[in-house]
Amino acid sequence: MKSKKNWYTLFEIMIVLGIIIIIMTVTMRFSSSRIDDLQVQTSKDDFKNNYEQLLLSNMSSNYHNGERYSKLIIGMQSWFNGFTYTLEDEVWWSKIYTEFSNNKQIVNKIITETEEQSEIQIQLTPYKIGCEISTENNSYSQAVIQTQAKNKTYCFTLDTNICKLESISCSQL
């Protein structure tokens, strides 16, 4: 009679362990997907923060490394994982690069009012609200930037009136 009681207790322990294992499996699966979502959100925020850092530094000063400048040009290219920016009209090799989130995010697509572009330039004047958005041939009043991080797509609109990136739904494209 005593041995039946021990086996019954062992059976109870196995059921409890089984339930714990099932709960841990479900919880770990949820946690890993949540971590991926947080990494993507971090990439999205990094993209916006890098741009806004350039915008705000331009609004508060017209000096960079002790040199005065009268315009800041930010370049965005499709399928590139960063911004380029130059002061005045410096030659191409003196551009400064800002990469996002350890190369985990890229600019997927740039759409202006009329068509998709491979590259745009955003020209900022110190202490002035607003900017100019242009390509080699045309100027635009608005652009939509589509970014991709870990197979998730995010979109931003950029308007020349305030020149700030605003998150929008990509379904509006």
# chains A, B, ... in the order shown; residues from 1 in each chain; ligands from 1
call {"tool": "residues_around", "arguments": {"residues": "Thr147 in chain A", "least_positions_apart": "3", "cutoff": "8 Å", "atoms": "only C-alpha atoms", "output": "list in words"}}
result
Lys44, Gln105, Ile106, Val107, Asn108, Lys109, Thr153, Tyr154 and Cys155 of chain A
call {"tool": "write_last_selection", "arguments": {"atoms": "N, CA and C atoms", "output": "PDB file, in the first residue's frame"}}
result
ATOM      1  N   LYS A  44      13.286  52.009 -35.608  1.00  0.00           N
ATOM      2  CA  LYS A  44      12.421  53.082 -36.105  1.00  0.00           C
ATOM      3  C   LYS A  44      12.711  54.385 -35.366  1.00  0.00           C
ATOM      4  N   GLN A 105      18.492  48.783 -40.134  1.00  0.00           N
ATOM      5  CA  GLN A 105      17.407  49.467 -40.816  1.00  0.00           C
ATOM      6  C   GLN A 105      17.940  50.146 -42.058  1.00  0.00           C
ATOM      7  N   ILE A 106      17.125  50.135 -43.098  1.00  0.00           N
ATOM      8  CA  ILE A 106      17.504  50.811 -44.339  1.00  0.00           C
ATOM      9  C   ILE A 106      16.353  51.685 -44.809  1.00  0.00           C
ATOM     10  N   VAL A 107      16.686  52.664 -45.643  1.00  0.00           N
ATOM     11  CA  VAL A 107      15.662  53.437 -46.333  1.00  0.00           C
ATOM     12  C   VAL A 107      15.246  52.583 -47.519  1.00  0.00           C
ATOM     13  N   ASN A 108      14.016  52.154 -47.502  1.00  0.00           N
ATOM     14  CA  ASN A 108      13.518  51.229 -48.511  1.00  0.00           C
ATOM     15  C   ASN A 108      13.081  51.957 -49.784  1.00  0.00           C
ATOM     16  N   LYS A 109      12.371  53.083 -49.602  1.00  0.00           N
ATOM     17  CA  LYS A 109      11.796  53.789 -50.732  1.00  0.00           C
ATOM     18  C   LYS A 109      11.638  55.257 -50.371  1.00  0.00           C
ATOM     19  N   THR A 153       7.979  47.188 -42.173  1.00  0.00           N
ATOM     20  CA  THR A 153       8.070  48.438 -42.908  1.00  0.00           C
ATOM     21  C   THR A 153       7.398  49.559 -42.122  1.00  0.00           C
ATOM     22  N   TYR A 154       8.062  50.718 -42.087  1.00  0.00           N
ATOM     23  CA  TYR A 154       7.528  51.916 -41.455  1.00  0.00           C
ATOM     24  C   TYR A 154       7.658  53.069 -42.419  1.00  0.00           C
ATOM     25  N   CYS A 155       6.725  54.005 -42.328  1.00  0.00           N
ATOM     26  CA  CYS A 155       6.735  55.149 -43.230  1.00  0.00           C
ATOM     27  C   CYS A 155       6.704  56.458 -42.443  1.00  0.00           C
TER      28      CYS A 155
END
call {"tool": "residues_around", "arguments": {"residues": "Met76 in chain A", "least_positions_apart": "6", "cutoff": "10 Å", "atoms": "only C-alpha atoms", "output": "list in words"}}
result
Gly82, Phe83, Thr84, Tyr85, Val107, Lys109, Ile110, Gln117, Ser118, Glu119, Ile120, Gln121, Ile122 and Ile145 of chain A
call {"tool": "write_last_selection", "arguments": {"atoms": "all heavy atoms", "output": "short mmCIF file (atom, residue, chain, number, x, y, z; two decimals), in the first residue's frame"}}
result
data_model
loop_
_atom_site.label_atom_id
_atom_site.label_comp_id
_atom_site.auth_asym_id
_atom_site.auth_seq_id
_atom_site.Cartn_x
_atom_site.Cartn_y
_atom_site.Cartn_z
N GLY A 82 21.79 54.80 -43.71
CA GLY A 82 22.19 55.98 -42.97
C GLY A 82 21.90 57.25 -43.74
O GLY A 82 21.37 57.22 -44.85
N PHE A 83 22.23 58.38 -43.14
CA PHE A 83 22.12 59.68 -43.78
C PHE A 83 23.52 60.15 -44.15
O PHE A 83 24.49 59.80 -43.49
CB PHE A 83 21.58 60.75 -42.82
CG PHE A 83 20.23 60.48 -42.27
CD1 PHE A 83 20.02 60.49 -40.90
CD2 PHE A 83 19.15 60.25 -43.10
CE1 PHE A 83 18.78 60.26 -40.37
CE2 PHE A 83 17.90 60.03 -42.58
CZ PHE A 83 17.71 60.03 -41.21
N THR A 84 23.60 60.96 -45.17
CA THR A 84 24.83 61.72 -45.39
C THR A 84 24.47 63.17 -45.09
O THR A 84 23.33 63.58 -45.29
CB THR A 84 25.32 61.61 -46.85
OG1 THR A 84 24.33 62.14 -47.72
CG2 THR A 84 25.62 60.18 -47.22
N TYR A 85 25.42 63.90 -44.58
CA TYR A 85 25.16 65.33 -44.44
C TYR A 85 26.44 66.11 -44.69
O TYR A 85 27.54 65.65 -44.41
CB TYR A 85 24.52 65.69 -43.10
CG TYR A 85 25.30 65.37 -41.86
CD1 TYR A 85 26.04 66.36 -41.21
CD2 TYR A 85 25.28 64.11 -41.30
CE1 TYR A 85 26.73 66.09 -40.04
CE2 TYR A 85 25.96 63.83 -40.13
CZ TYR A 85 26.69 64.82 -39.51
OH TYR A 85 27.38 64.54 -38.36
N VAL A 107 16.69 52.66 -45.64
CA VAL A 107 15.66 53.44 -46.33
C VAL A 107 15.25 52.58 -47.52
O VAL A 107 16.05 52.28 -48.40
CB VAL A 107 16.21 54.80 -46.79
CG1 VAL A 107 15.19 55.52 -47.65
CG2 VAL A 107 16.60 55.65 -45.60
N LYS A 109 12.37 53.08 -49.60
CA LYS A 109 11.80 53.79 -50.73
C LYS A 109 11.64 55.26 -50.37
O LYS A 109 11.35 55.60 -49.23
CB LYS A 109 10.42 53.19 -51.01
CG LYS A 109 9.89 53.36 -52.39
CD LYS A 109 8.46 52.83 -52.49
CE LYS A 109 8.42 51.33 -52.59
NZ LYS A 109 7.06 50.82 -52.83
N ILE A 110 11.81 56.14 -51.36
CA ILE A 110 11.58 57.57 -51.19
C ILE A 110 10.60 57.99 -52.28
O ILE A 110 10.87 57.79 -53.47
CB ILE A 110 12.88 58.39 -51.31
CG1 ILE A 110 13.91 57.92 -50.28
CG2 ILE A 110 12.59 59.87 -51.17
CD1 ILE A 110 15.30 58.48 -50.48
N GLN A 117 11.87 58.27 -55.95
CA GLN A 117 13.22 58.80 -56.17
C GLN A 117 14.24 57.85 -55.56
O GLN A 117 13.96 57.16 -54.59
CB GLN A 117 13.36 60.18 -55.50
CG GLN A 117 12.34 61.20 -55.91
CD GLN A 117 12.50 61.65 -57.34
OE1 GLN A 117 13.57 61.55 -57.93
NE2 GLN A 117 11.42 62.15 -57.92
N SER A 118 15.44 57.86 -56.10
CA SER A 118 16.51 57.05 -55.51
C SER A 118 17.27 57.84 -54.45
O SER A 118 17.89 57.27 -53.57
CB SER A 118 17.47 56.56 -56.59
OG SER A 118 18.07 57.65 -57.24
N GLU A 119 17.17 59.17 -54.52
CA GLU A 119 17.91 60.02 -53.57
C GLU A 119 17.24 61.38 -53.49
O GLU A 119 16.76 61.91 -54.50
CB GLU A 119 19.35 60.18 -54.03
CG GLU A 119 20.20 61.02 -53.13
CD GLU A 119 21.65 61.09 -53.57
OE1 GLU A 119 22.00 60.56 -54.64
OE2 GLU A 119 22.43 61.69 -52.83
N ILE A 120 17.20 61.93 -52.29
CA ILE A 120 16.74 63.31 -52.11
C ILE A 120 17.74 64.04 -51.24
O ILE A 120 18.52 63.42 -50.51
CB ILE A 120 15.33 63.42 -51.48
CG1 ILE A 120 15.29 62.79 -50.08
CG2 ILE A 120 14.27 62.87 -52.40
CD1 ILE A 120 14.00 63.09 -49.32
N GLN A 121 17.71 65.36 -51.36
CA GLN A 121 18.52 66.22 -50.49
C GLN A 121 17.58 67.15 -49.74
O GLN A 121 16.65 67.72 -50.32
CB GLN A 121 19.51 67.03 -51.30
CG GLN A 121 20.61 66.19 -51.90
CD GLN A 121 21.66 67.04 -52.58
OE1 GLN A 121 21.42 68.20 -52.92
NE2 GLN A 121 22.82 66.47 -52.78
N ILE A 122 17.85 67.30 -48.46
CA ILE A 122 17.06 68.18 -47.60
C ILE A 122 18.00 69.30 -47.17
O ILE A 122 19.00 69.06 -46.50
CB ILE A 122 16.53 67.41 -46.37
CG1 ILE A 122 15.71 66.21 -46.84
CG2 ILE A 122 15.72 68.33 -45.48
CD1 ILE A 122 15.71 65.07 -45.89
N ILE A 145 9.09 58.76 -46.83
CA ILE A 145 10.24 57.87 -46.70
C ILE A 145 9.75 56.57 -46.09
O ILE A 145 9.14 56.57 -45.02
CB ILE A 145 11.35 58.50 -45.83
CG1 ILE A 145 11.93 59.74 -46.51
CG2 ILE A 145 12.48 57.51 -45.59
CD1 ILE A 145 11.43 61.01 -45.98
#
call {"tool": "select_by_dssp", "arguments": {"residues": "range 21-164 of chain A", "states": "strand (DSSP E)", "output": "MDAnalysis selection string"}}
result
chainID A and resid 63:64 67:68 72:77 82:87 96:99 105:112 116:117 119:124 132:134 139:140 142:149 152:159
call {"tool": "residues_around", "arguments": {"residues": "range 20-36 of chain A", "least_positions_apart": "5", "cutoff": "12 Å", "atoms": "only C-alpha atoms", "output": "count of residues only"}}
result
11
